[in-house]
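*Asks:* File name final.pdb; file contents PDB, C-alpha atoms, pLDDT in the B column; full text below.
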MODEL        1
ATOM      1  CA  MET A   9      37.596 -88.579  11.901  1.00 82.00           C
ATOM      2  CA  SER A  10      36.111 -87.490   8.571  1.00 94.00           C
ATOM      3  CA  VAL A  11      38.189 -86.975   5.461  1.00 97.00           C
ATOM      4  CA  PHE A  12      37.428 -84.671   2.581  1.00 98.00           C
ATOM      5  CA  ALA A  13      38.209 -85.458  -1.036  1.00 98.00           C
ATOM      6  CA  ILE A  14      38.533 -82.159  -2.856  1.00 98.00           C
ATOM      7  CA  THR A  15      38.391 -82.532  -6.605  1.00 96.00           C
ATOM      8  CA  ARG A  16      39.223 -79.950  -9.235  1.00 97.00           C
ATOM      9  CA  CYS A  17      38.164 -80.367 -12.850  1.00 95.00           C
ATOM     10  CA  VAL A  18      39.109 -77.911 -15.602  1.00 96.00           C
ATOM     11  CA  TYR A  19      37.262 -78.554 -18.842  1.00 95.00           C
ATOM     12  CA  ASP A  20      36.905 -77.305 -22.397  1.00 95.00           C
ATOM     13  CA  HIS A  21      33.828 -75.134 -22.825  1.00 91.00           C
ATOM     14  CA  ASP A  22      32.415 -77.306 -25.614  1.00 92.00           C
ATOM     15  CA  ILE A  23      31.893 -80.272 -23.245  1.00 92.00           C
ATOM     16  CA  ARG A  24      30.177 -78.355 -20.432  1.00 90.00           C
ATOM     17  CA  ASP A  25      26.777 -79.998 -20.978  1.00 91.00           C
ATOM     18  CA  GLU A  26      28.315 -83.476 -21.165  1.00 91.00           C
ATOM     19  CA  LEU A  27      30.279 -82.812 -17.984  1.00 90.00           C
ATOM     20  CA  LEU A  28      27.139 -81.674 -16.157  1.00 90.00           C
ATOM     21  CA  GLU A  29      25.425 -84.929 -17.157  1.00 91.00           C
ATOM     22  CA  ILE A  30      28.371 -86.927 -15.787  1.00 91.00           C
ATOM     23  CA  LYS A  31      28.217 -84.843 -12.609  1.00 90.00           C
ATOM     24  CA  GLU A  32      24.568 -85.807 -12.069  1.00 93.00           C
ATOM     25  CA  LEU A  33      25.288 -89.508 -12.636  1.00 93.00           C
ATOM     26  CA  SER A  34      28.276 -89.286 -10.304  1.00 94.00           C
ATOM     27  CA  LEU A  35      26.144 -87.768  -7.538  1.00 94.00           C
ATOM     28  CA  GLN A  36      23.778 -90.729  -7.712  1.00 96.00           C
ATOM     29  CA  ILE A  37      26.714 -93.144  -7.486  1.00 96.00           C
ATOM     30  CA  LEU A  38      28.401 -91.242  -4.634  1.00 96.00           C
ATOM     31  CA  LYS A  39      25.294 -91.275  -2.477  1.00 96.00           C
ATOM     32  CA  LYS A  40      25.233 -95.098  -2.567  1.00 97.00           C
ATOM     33  CA  GLN A  41      28.824 -95.555  -1.414  1.00 98.00           C
ATOM     34  CA  LYS A  42      29.710 -96.850   2.041  1.00 98.00           C
ATOM     35  CA  GLY A  43      31.020 -94.064   4.250  1.00 98.00           C
ATOM     36  CA  PHE A  44      29.740 -91.222   2.080  1.00 98.00           C
ATOM     37  CA  ILE A  45      28.560 -88.282   4.204  1.00 98.00           C
ATOM     38  CA  SER A  46      28.030 -85.276   1.941  1.00 97.00           C
ATOM     39  CA  VAL A  47      29.092 -83.414  -1.175  1.00 97.00           C
ATOM     40  CA  LYS A  48      29.180 -79.761  -2.200  1.00 97.00           C
ATOM     41  CA  GLN A  49      29.889 -78.863  -5.806  1.00 95.00           C
ATOM     42  CA  PHE A  50      30.906 -75.504  -7.204  1.00 95.00           C
ATOM     43  CA  ILE A  51      31.066 -74.357 -10.815  1.00 93.00           C
ATOM     44  CA  CYS A  52      33.077 -71.220 -11.534  1.00 93.00           C
ATOM     45  CA  ALA A  53      31.137 -68.609 -13.516  1.00 82.00           C
ATOM     46  CA  GLU A  54      34.273 -66.942 -14.901  1.00 90.00           C
ATOM     47  CA  MET A  55      36.125 -69.986 -16.163  1.00 92.00           C
ATOM     48  CA  ASN A  56      35.520 -73.631 -17.035  1.00 95.00           C
ATOM     49  CA  GLU A  57      36.247 -75.141 -13.649  1.00 96.00           C
ATOM     50  CA  MET A  58      34.310 -77.317 -11.224  1.00 96.00           C
ATOM     51  CA  VAL A  59      35.312 -78.127  -7.642  1.00 97.00           C
ATOM     52  CA  SER A  60      33.728 -80.760  -5.415  1.00 97.00           C
ATOM     53  CA  VAL A  61      34.181 -81.259  -1.682  1.00 98.00           C
ATOM     54  CA  ILE A  62      33.188 -84.808  -0.749  1.00 98.00           C
ATOM     55  CA  GLN A  63      33.060 -85.816   2.902  1.00 98.00           C
ATOM     56  CA  TRP A  64      33.781 -89.439   3.830  1.00 98.00           C
ATOM     57  CA  GLU A  65      33.714 -91.234   7.167  1.00 97.00           C
ATOM     58  CA  THR A  66      37.237 -92.594   6.564  1.00 95.00           C
ATOM     59  CA  LYS A  67      40.069 -92.513   4.044  1.00 95.00           C
ATOM     60  CA  GLU A  68      39.429 -96.210   3.438  1.00 96.00           C
ATOM     61  CA  ASP A  69      35.809 -95.491   2.498  1.00 97.00           C
ATOM     62  CA  HIS A  70      36.967 -92.963  -0.087  1.00 97.00           C
ATOM     63  CA  GLU A  71      39.538 -95.375  -1.508  1.00 96.00           C
ATOM     64  CA  ALA A  72      37.025 -98.252  -1.657  1.00 97.00           C
ATOM     65  CA  SER A  73      34.547 -96.022  -3.457  1.00 96.00           C
ATOM     66  CA  MET A  74      37.087 -95.127  -6.127  1.00 93.00           C
ATOM     67  CA  GLU A  75      37.537 -98.851  -6.857  1.00 95.00           C
ATOM     68  CA  SER A  76      33.805 -99.606  -6.877  1.00 96.00           C
ATOM     69  CA  PRO A  77      32.330-101.202 -10.012  1.00 96.00           C
ATOM     70  CA  ASP A  78      29.465 -98.713  -9.604  1.00 96.00           C
ATOM     71  CA  TRP A  79      31.629 -96.255 -11.553  1.00 94.00           C
ATOM     72  CA  ASP A  80      31.746 -98.500 -14.647  1.00 94.00           C
ATOM     73  CA  SER A  81      28.896 -96.538 -16.242  1.00 91.00           C
ATOM     74  CA  VAL A  82      30.789 -93.211 -16.211  1.00 91.00           C
ATOM     75  CA  ASN A  83      34.447 -94.266 -16.328  1.00 90.00           C
ATOM     76  CA  PRO A  84      34.697 -94.845 -20.114  1.00 92.00           C
ATOM     77  CA  THR A  85      33.440 -91.323 -20.851  1.00 91.00           C
ATOM     78  CA  TRP A  86      35.603 -89.808 -18.120  1.00 89.00           C
ATOM     79  CA  ILE A  87      38.717 -91.607 -19.376  1.00 91.00           C
ATOM     80  CA  ALA A  88      38.037 -90.597 -22.989  1.00 93.00           C
ATOM     81  CA  LEU A  89      37.641 -86.931 -22.017  1.00 91.00           C
ATOM     82  CA  THR A  90      40.848 -87.020 -19.982  1.00 92.00           C
ATOM     83  CA  LYS A  91      42.900 -88.775 -22.655  1.00 93.00           C
ATOM     84  CA  GLY A  92      41.457 -86.476 -25.321  1.00 93.00           C
ATOM     85  CA  GLY A  93      42.657 -83.435 -23.368  1.00 94.00           C
ATOM     86  CA  LYS A  94      39.119 -82.127 -22.847  1.00 95.00           C
ATOM     87  CA  ILE A  95      39.474 -82.166 -19.046  1.00 95.00           C
ATOM     88  CA  THR A  96      42.144 -82.179 -16.400  1.00 95.00           C
ATOM     89  CA  PHE A  97      41.246 -83.643 -13.040  1.00 93.00           C
ATOM     90  CA  GLU A  98      42.872 -83.892  -9.627  1.00 95.00           C
ATOM     91  CA  VAL A  99      41.830 -85.237  -6.234  1.00 95.00           C
ATOM     92  CA  ASN A 100      43.428 -84.374  -2.895  1.00 97.00           C
ATOM     93  CA  LEU A 101      42.468 -85.759   0.524  1.00 97.00           C
ATOM     94  CA  PHE A 102      42.259 -83.578   3.613  1.00 97.00           C
ATOM     95  CA  GLU A 103      41.602 -84.448   7.249  1.00 93.00           C
ATOM     96  CA  ALA A 104      39.564 -82.181   9.502  1.00 82.00           C
ATOM     97  CA  HIS A 105      41.438 -80.894  12.555  1.00 81.00           C
TER      98      HIS A 105
ENDMDL
END
Can you turn what I pasted into structure tokens?
*Replies:*
Amino acid sequence: MSVFAITRCVYDHDIRDELLEIKELSLQILKKQKGFISVKQFICAEMNEMVSVIQWETKEDHEASMESPDWDSVNPTWIALTKGGKITFEVNLFEAH
């Protein structure tokens, strides 16, 4: 049964362009991961918020992807933005029923 990782990212307006660049790099990385099925991304026009719905074959595939060294190219920037208070980020897993 598929699982869905739903992410929510709230960001400062001044980093919007940088965040969109990270989003594009992340899409390339996601598509190479074992068990990846699809992704839909949404950017709110009224506020600085982005939501992604990522479909995985299994929960284990999602978890393995999060530990993949493929993310090493974007993690330093992502961590710096989070620690600097420029973004808040959360991920929740859902199962289809």
*Asks:* Closest to Ser34 (chain A) among A:Thr90, A:Ser81, A:Asn100, A:Ser10, using only C-alpha atoms?
*Replies:* A:Ser81
*Asks:* Which polymer residues have any atom within 12 Å of an atom of Glu29 (chain A), counting only C-alpha atoms, with same-chain residues fewer than 5 positions away left out, as a PyMOL selection string?
*Replies:* chain A and resi 23-24+34-36+82+85-86
*Asks:* Using all atoms listed in the file for the distances, tell me which of A:Glu65, A:Gln41, A:Ser76, A:Lys91 is nearest to Glu103 (chain A).
*Replies:*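 Among the listed residues, the smallest separation from Glu103 (chain A) belongs to A:Glu65.
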*Asks:* I'd like the neighbourhood of Thr96 (chain A) as number ranges by chain, where a residue qualifies if any of its atoms comes within 8 Å (using only C-alpha atoms), though same-chain residues fewer than 3 positions away should be ignored.
*Replies:* A: 17-19, 90, 93
*Asks:* What gap, in Å, lies between CA of Asp20 (chain A) and CA of Asn56 (chain A)?
*Replies:* 6.6 Å
*Asks:* Distance CA of Val61 (chain A)-CA of Ala88 (chain A), one decimal place?
*Replies:*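 The value is 23.6 Å.
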*Asks:* Do a neighbour search on Met74 (chain A) at 12 Å with only C-alpha atoms, toss out local chain neighbours closer than 3 positions, and write the hits as a PyMOL selection string.
*Replies:* chain A and resi 13+34+37-38+41-42+44+64+67-71+77-80+83+99
*Asks:* Box for region 53-58 of chain A - axis-aligned, 8 Å on each of the six sides, all listed atoms - centre and size in Å to one decimal, as JSON.
*Replies:*
{"center_x": 33.7, "center_y": -72.1, "center_z": -14.1, "size_x": 21.1, "size_y": 26.4, "size_z": 21.8}
*Asks:* Quote the spacing between CA of Ser73 (chain A) and CA of Cys52 (chain A) in Å to one decimal place.
*Replies:*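 Going from CA of Ser73 (chain A) over to CA of Cys52 (chain A) covers 26.1 Å.
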*Asks:* Which residues are near Ala104 (chain A)? Cut-off 8 Å, all atoms listed in the file, ignore same chain within fewer than 6 positions. Put them as an NGL selection string.
*Replies:* :A and (9-12)
*Asks:* Using only C-alpha atoms, which of the listed residues (A:Ala72, A:Val59, A:Ile45, A:Ala53) sits closest to Glu98 (chain A)?
*Replies:*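 Closest residue, counting only C-alpha atoms: A:Val59.
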*Asks:* Using all atoms listed in the file, pick whichever of A:Glu75, A:Ile62, A:Pro84, A:Glu54 has the shortest atom-to-atom distance to Arg16 (chain A).
*Replies:*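 Among the listed residues, A:Ile62 lies closest to Arg16 (chain A).
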*Asks:* Using only C-alpha atoms, can you tell me which of A:Lys48, A:Glu32, A:Ser60, A:Leu27 comes closest to Lys94 (chain A)?
*Replies:*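 Of all the options, A:Leu27 lies closest to Lys94 (chain A).
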*Asks:* Quick one: of A:His21, A:Leu89, A:Ile30, A:Thr66, who's nearest to Phe102 (chain A), counting all atoms listed in the file?
*Replies:*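 Once distances to Phe102 (chain A) are computed over all atoms listed in the file, the minimum belongs to A:Thr66.
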*Asks:* Using the block above, I'd like region 16-103 of chain A written out, keeping C-alpha atoms and formatting it as a CSV table (one decimal), in the first residue's frame.
*Replies:*
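As written to disk, out_17.csv reads:
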chain,number,residue,atom,x,y,z
A,16,ARG,CA,4.8,21.9,4.7
A,17,CYS,CA,7.4,24.6,4.4
A,18,VAL,CA,6.9,28.2,5.6
A,19,TYR,CA,9.6,30.5,4.5
A,20,ASP,CA,10.7,34.2,4.7
A,21,HIS,CA,9.9,36.1,1.5
A,22,ASP,CA,13.5,37.1,1.0
A,23,ILE,CA,14.6,33.5,0.3
A,24,ARG,CA,11.8,32.6,-2.1
A,25,ASP,CA,14.1,32.3,-5.1
A,26,GLU,CA,16.7,30.3,-3.2
A,27,LEU,CA,13.9,28.0,-2.0
A,28,LEU,CA,12.6,27.5,-5.5
A,29,GLU,CA,16.1,26.5,-6.6
A,30,ILE,CA,16.3,23.9,-3.8
A,31,LYS,CA,12.9,22.6,-4.8
A,32,GLU,CA,14.1,22.0,-8.4
A,33,LEU,CA,17.2,20.2,-7.1
A,34,SER,CA,15.1,18.2,-4.7
A,35,LEU,CA,12.8,17.0,-7.5
A,36,GLN,CA,15.7,15.6,-9.4
A,37,ILE,CA,16.9,13.8,-6.3
A,38,LEU,CA,13.4,12.5,-5.5
A,39,LYS,CA,12.9,11.0,-8.9
A,40,LYS,CA,16.0,8.8,-8.5
A,41,GLN,CA,14.9,7.3,-5.2
A,42,LYS,CA,13.8,3.7,-4.8
A,43,GLY,CA,10.1,3.4,-4.3
A,44,PHE,CA,9.3,7.0,-5.5
A,45,ILE,CA,6.0,7.1,-7.3
A,46,SER,CA,5.0,10.8,-7.8
A,47,VAL,CA,5.1,14.3,-6.3
A,48,LYS,CA,2.7,17.3,-6.5
A,49,GLN,CA,3.9,20.6,-5.2
A,50,PHE,CA,1.8,23.6,-4.3
A,51,ILE,CA,3.0,27.2,-3.6
A,52,CYS,CA,0.5,29.5,-1.8
A,53,ALA,CA,-0.1,32.8,-3.6
A,54,GLU,CA,-1.3,34.6,-0.5
A,55,MET,CA,1.5,33.6,1.9
A,56,ASN,CA,5.0,32.2,1.9
A,57,GLU,CA,4.1,28.5,2.1
A,58,MET,CA,4.9,25.5,0.0
A,59,VAL,CA,3.3,22.0,0.4
A,60,SER,CA,4.4,18.8,-1.3
A,61,VAL,CA,2.6,15.5,-1.5
A,62,ILE,CA,5.1,12.7,-2.3
A,63,GLN,CA,3.9,9.2,-3.0
A,64,TRP,CA,6.1,6.3,-2.1
A,65,GLU,CA,5.6,2.6,-2.6
A,66,THR,CA,6.3,1.9,1.1
A,67,LYS,CA,7.1,3.7,4.4
A,68,GLU,CA,10.5,2.1,4.3
A,69,ASP,CA,11.2,3.6,0.9
A,70,HIS,CA,10.4,7.0,2.2
A,71,GLU,CA,12.7,6.5,5.3
A,72,ALA,CA,15.5,5.1,3.2
A,73,SER,CA,15.3,8.1,0.8
A,74,MET,CA,15.6,10.6,3.7
A,75,GLU,CA,18.9,8.9,4.7
A,76,SER,CA,20.3,8.8,1.2
A,77,PRO,CA,23.6,10.5,0.5
A,78,ASP,CA,22.0,11.9,-2.6
A,79,TRP,CA,20.7,14.7,-0.4
A,80,ASP,CA,24.2,15.8,0.6
A,81,SER,CA,24.1,18.5,-2.1
A,82,VAL,CA,21.1,20.3,-0.7
A,83,ASN,CA,21.3,19.4,3.0
A,84,PRO,CA,23.8,22.1,4.1
A,85,THR,CA,21.7,24.9,2.6
A,86,TRP,CA,18.5,23.4,4.0
A,87,ILE,CA,20.0,23.1,7.5
A,88,ALA,CA,21.4,26.6,7.4
A,89,LEU,CA,18.0,28.1,6.4
A,90,THR,CA,16.3,26.1,9.2
A,91,LYS,CA,18.8,27.0,11.9
A,92,GLY,CA,18.7,30.6,10.7
A,93,GLY,CA,15.0,30.8,11.2
A,94,LYS,CA,14.3,31.5,7.5
A,95,ILE,CA,12.1,28.4,7.1
A,96,THR,CA,10.1,26.0,9.2
A,97,PHE,CA,9.5,22.5,7.8
A,98,GLU,CA,7.5,19.5,8.8
A,99,VAL,CA,6.8,16.1,7.3
A,100,ASN,CA,3.9,13.8,8.1
A,101,LEU,CA,3.2,10.3,6.6
A,102,PHE,CA,-0.2,9.2,5.6
A,103,GLU,CA,-1.5,5.8,4.3
